[in-house]
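What follows is one structure encoded as structure tokens, with my remarks underneath.
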Amino acid sequence: MNWDTVQIMVYGESLNDMEVISVNEQLKVLNVHSADNASYLFVDIFIPEFLRSGDYKLKFYKEGVEQEFLFPILDREISAARYQGFSNADVVYLIFADRFCDGNSDNNNIGDSLDQFTSADLDGRKGGDIDGIISKLDYLKELGVSAVWITPMLTNNMWMSYHGYAATDLYKIDQRFGSNELYKKLVEEAHKLGLKIILDHVSNHIGINHHWVKNLPLKNWFNGSPENFIPASHDKMAFLDIHGDSIIVKMNQQGWFTNYMPDLNQRNPFLKKYLIQNTLWWIEYAGIDGIREDTYPYNDQKYLAEWAEAIFSEYPNFNIVGEIWQGIPSVISGYQSNSPVRKIDFDSNLPSVTDFALSDAIRDYLSGAKSIYKVYETVAQDIVYSDPDNLLVFFDNHDVDRAMLVANGNIDKYKTALNIVLFSRGIPSIFYGTELGIKGGTKHGELRQPFPGGFVGDERNAFTKDGRTDIENDIYNYLHELLKLRIDYPVLAKGKLRHIYPSENVYMLLKFLDNEIAMCLINSREEDISFNSSQIKAYLPEAKILFNPKSNEEFNLEFDDQIKIKRMTSEIFIIRK
């Protein structure tokens with residue numbers, strides 16, 4: 001690996017002024033760093049490229065006392081199925097780990113947990129786990145998605161721990177989800193089915209119950225302390241604002257997200273190295289394909305740039321999407337690599353960013369606050385992005401009200417929004433239960449409700465056709481068909497987008513890939529329309545035949561003057577010259 005010098009953190013007692021040597025001359029101890037706290041020691045070790053796998057002995061000396069430890073070197077697993085990345089050819093399925101499926105009820109309660117399993121509390125643990133996800137991989141494959149983003153599953157020995165975003169051990173899967181070995185098995189089983197796995201990663205903070213909090217390795221390991229910290233400003237524009245104040249930038253990047261999530265000081269060189277190595281270890285160990293980086297603007301941006309650079313130097317096909325929860329395209333763009341609006345002397349090295357701007361526009365359409373023109377207007381600002389095709393596109397996720405709730409149950413609008421998510425530019429992402437039209441509620445515990453059929457005692461199993469309601473089957477079948485079209489016609493997924501101003505609330509999306517052309521016509525009006533073939537010829541003079549792959553109908557643009565589209569529906573056509 002390019003990262004051939006690792007820094008290990010040693011934890012114990014009276015470790016200051018310790019001498020460390022390697023018994024094997026090939027494995028070299030380069031430096032030993034005493035910490036502010038004698039409970040910690042940092043040791044730099046060089047690992048030659050062709051060092052054989054096995055257990056290598058390290059000896060620790062102090063004041064005549066010697067202690068020996070084994071340092072394991074593992075064989076690298078080389079496979080085309082590992083570290084694949086994800087792109088606009090994929091559709092991402094977001095699983096909230098605790099709320100998807102309980103495949104092993106024996107791990108629902110563990111002895112030292114501060115947060116117990118409960119079926120009543122909205123914010124309590126419900127029992128979803130890795131075994132449950134593995135058991136539903138065939139379901140996901142059949143649905144038609146190709147990548148699975150799972151919310152964090154590291155050990156979270158916290159109250160309200162079900163969300164997973166306050167880790168108390170960065171190297172261990174929470175026992176209530178499974179184990180490190182089971183997580184690796186999940187990735188392997190997913191890869192066998194052609195599914196990719198995206199790790200939800202948090203560099204910004206840990207949970208207050210992490211052992212570091214009571215026993216800091218170095219005085220400046222955190223930004224502040226539990227007794228004395230600044231709250232995050234939540235001003236994601238500050239880092240890009242040419243008129244902004246450095247104090248606001250500091251508050252955003254060094255402030256605590258909450259009082260129970262200590263903010264990590266990524267400017268500390270030892271912590272920075274620890275976090276980078278931890279990420280590389282998970283990628284190498286599990287063979288994951290991508291990362292979704294949580295709370296991206298709240299991190300030290302120079303650290304994240306180095307972190308991403310280290311990842312891509314090892315795994316060039318990998319992809320990382322940063323969560324930029326901001327609805328202004330130029331602000332979102334500022335965090336993407338090679339951004340045209342970013343400072344010339346700085347590159348984030350971040351290929352993908354979350355498109356909250358388009359998400360907001362779609363949700364405004366769903367709620368009735370705006371027309372479909374808002375969607376067009378948002379996409380029309382793509383000039384600010386270095387790579388619009390690498391935007392993560394969605395209409396809801398685990399942090400905001402579900403799209404069906406926003407649409408007030410309007411299934412027609414919901415289906416229209418699905419077309420926008422799946423056939424605009426970028427990488428589509430759908431939240432678990434989208435295929436059922438789950439409505440949820442306004443509270444986090446409600447919008448993250450358990451998937452029906454994934455848990456002991458459920459009255460029905462919505463993973464099956466017979467267990468779904470008629471409405472759920474209608475939505476499932478509709479989404480399944482759209483996903484199948486993306487697979488059957490790559491132009492719908494990977495084609496370059498051209499869109500046409502939505503005159504009278506009719507929006508035309510065109511996709512171009514090599515010699516293939518596809519069109520999505522969205523009628524967001526309350527009445528049926530007849531679309532004149534001359535309108536299509538005006539934009540595509542070479543077009544002769546429109547083929548509707550859903551209905552198998554063909555329209556000859558030389559003879560068929562009118563193409564009818566029902567109210568509040570969308571139609572997809574393959575253009576034939």
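Every chain in the structure tokens has a letter given in the order shown (A, B, ...), and although residue numbers restart at 1 in each chain, ligands are simply numbered from 1 in the order shown.
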Interface rows for range 169-210 of chain A against range 125-131 of chain A: nearest pair, Å to one decimal, 9 Å, only C-alpha atoms, as a Markdown table:
| residue | atom | partner | partner_atom | distance |
| --- | --- | --- | --- | --- |
| A:Arg176 | CA | A:Asp129 | CA | 6.8 |
| A:Phe177 | CA | A:Asp129 | CA | 4.2 |
| A:Gly178 | CA | A:Ile130 | CA | 6.0 |
| A:Ser179 | CA | A:Ile130 | CA | 8.5 |
| A:Leu182 | CA | A:Ile130 | CA | 7.0 |
| A:Tyr183 | CA | A:Ile130 | CA | 6.7 |
| A:Leu186 | CA | A:Ile130 | CA | 7.0 |
Cut-off 8 Å: closest range 267-302 of chain A/range 334-356 of chain A atom pairs per residue, using only C-alpha atoms, as a Markdown table:
| residue | atom | partner | partner_atom | distance |
| --- | --- | --- | --- | --- |
| A:Pro297 | CA | A:Tyr335 | CA | 7.9 |
| A:Gln301 | CA | A:Ser348 | CA | 7.1 |
| A:Lys302 | CA | A:Ser348 | CA | 7.6 |
Output of the above residues as an mmCIF file, in the first residue's frame, restricted to C-alpha atoms:
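Heads up, here's the output in part_27.cif:
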data_model
loop_
_atom_site.group_PDB
_atom_site.id
_atom_site.type_symbol
_atom_site.label_atom_id
_atom_site.label_comp_id
_atom_site.auth_asym_id
_atom_site.auth_seq_id
_atom_site.Cartn_x
_atom_site.Cartn_y
_atom_site.Cartn_z
ATOM 1 C CA PRO A 297 -18.966 21.160 6.460
ATOM 2 C CA GLN A 301 -11.660 21.120 5.593
ATOM 3 C CA LYS A 302 -7.898 20.687 5.212
#
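We find CA of Ser424 in chain A and CA of Tyr139 in chain A to be spaced 25.2 Å apart.
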Rank A:Tyr478, A:Tyr11, A:Phe463, A:Tyr40 by their smallest atom-to-atom distance to Lys415 in chain A, using only C-alpha atoms, and report the top residue only. A:Tyr478
Non-local contacts of Ser367 in chain A (9 Å; only C-alpha atoms; under 5 positions in same chain excluded) as JSON, numbers by chain: {"A": [362, 403, 405, 406, 407, 408]}
Please identify every residue of range 438-462 of chain A that has at least one atom no farther than 10 Å from an atom of range 91-98 of chain A, counting only C-alpha atoms, and for each give the shortest atom pair and the distance in Å to one decimal, arranged by chain then increasing number, as CSV.
residue,atom,partner,partner_atom,distance
A:Arg448,CA,A:Phe96,CA,7.1
A:Gln449,CA,A:Phe96,CA,9.3
A:Pro450,CA,A:Asp98,CA,8.0
A:Phe451,CA,A:Phe96,CA,9.7
Keeping only N, CA and C atoms, write those residues as a CSV table (one decimal), in the first residue's frame.
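Writing done, so here's part09.csv:
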chain,number,residue,atom,x,y,z
A,448,ARG,N,-38.5,7.2,10.6
A,448,ARG,CA,-37.6,6.1,10.6
A,448,ARG,C,-38.3,4.8,11.1
A,449,GLN,N,-39.6,4.7,10.8
A,449,GLN,CA,-40.4,3.6,11.4
A,449,GLN,C,-39.9,2.3,10.8
A,450,PRO,N,-40.1,1.2,11.6
A,450,PRO,CA,-39.6,-0.1,11.2
A,450,PRO,C,-40.3,-0.6,9.9
A,451,PHE,N,-39.6,-1.2,9.0
A,451,PHE,CA,-40.1,-1.7,7.8
A,451,PHE,C,-41.1,-2.9,8.1
Please, which residues of range 199-275 of chain A, numbered as in this document, come out alpha helix (DSSP H) from DSSP, as number ranges by chain? A: 211-214, 246-254, 269-275
Using only C-alpha atoms, determine which residues lie at most 9 Å from Thr434 in chain A, disregarding the query and same-chain residues fewer than 2 positions distant; provide the list as a ChimeraX atom specification. /A:396,402-404,430-432,436-439,475-476,479
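By chain and then residue number, the residues within 9 Å of Glu284 in chain A are Arg76, Glu77, Arg82, Tyr83, Thr279, Leu280 and Ile288 of chain A, counting only C-alpha atoms and disregarding those fewer than 4 positions away in sequence.
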Save out the residues we just selected, C-alpha atoms, as a PDB file, in the first residue's frame.
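Heads up, here's the output in out.pdb:
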ATOM      1  CA  ARG A  76      -4.478  -8.157   1.093  1.00  0.00           C
ATOM      2  CA  GLU A  77      -7.634  -9.387  -0.592  1.00  0.00           C
ATOM      3  CA  ARG A  82     -13.961  -4.701  -3.905  1.00  0.00           C
ATOM      4  CA  TYR A  83     -13.627  -0.887  -3.778  1.00  0.00           C
ATOM      5  CA  THR A 279     -10.951   4.703   7.424  1.00  0.00           C
ATOM      6  CA  LEU A 280      -8.328   2.924   5.319  1.00  0.00           C
ATOM      7  CA  ILE A 288     -16.602  -1.573   0.786  1.00  0.00           C
TER       8      ILE A 288
END
Any idea what the distance is between CA of Asp399 in chain A and CA of Leu154 in chain A? 19.1 Å
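Residues in contact with Thr442 in chain A at 8 Å, where only C-alpha atoms are counted and same-chain residues fewer than 3 positions away are skipped, are listed as Val400, Asp401, Glu446 and Leu447 of chain A.
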Those same residues - N, CA and C atoms - I'd like them written as a compact mmCIF listing (two decimals), in the first residue's frame.
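result-v1.txt, freshly written:
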# COMPACT_ATOMS: atom_id res chain seq x y z
N VAL A 400 -35.26 13.97 7.17
CA VAL A 400 -36.35 14.88 6.80
C VAL A 400 -37.64 14.10 6.61
N ASP A 401 -38.77 14.81 6.66
CA ASP A 401 -40.05 14.15 6.47
C ASP A 401 -40.06 13.36 5.17
N GLU A 446 -40.65 8.52 13.87
CA GLU A 446 -41.78 8.19 13.00
C GLU A 446 -41.34 8.03 11.55
N LEU A 447 -40.52 8.94 11.07
CA LEU A 447 -40.09 8.83 9.67
C LEU A 447 -39.13 7.66 9.50
Tell me which of A:Asn259, A:Asn278, A:Ser146, A:Asn523 sits closest to Ser570 in chain A, counting only C-alpha atoms. A:Asn523
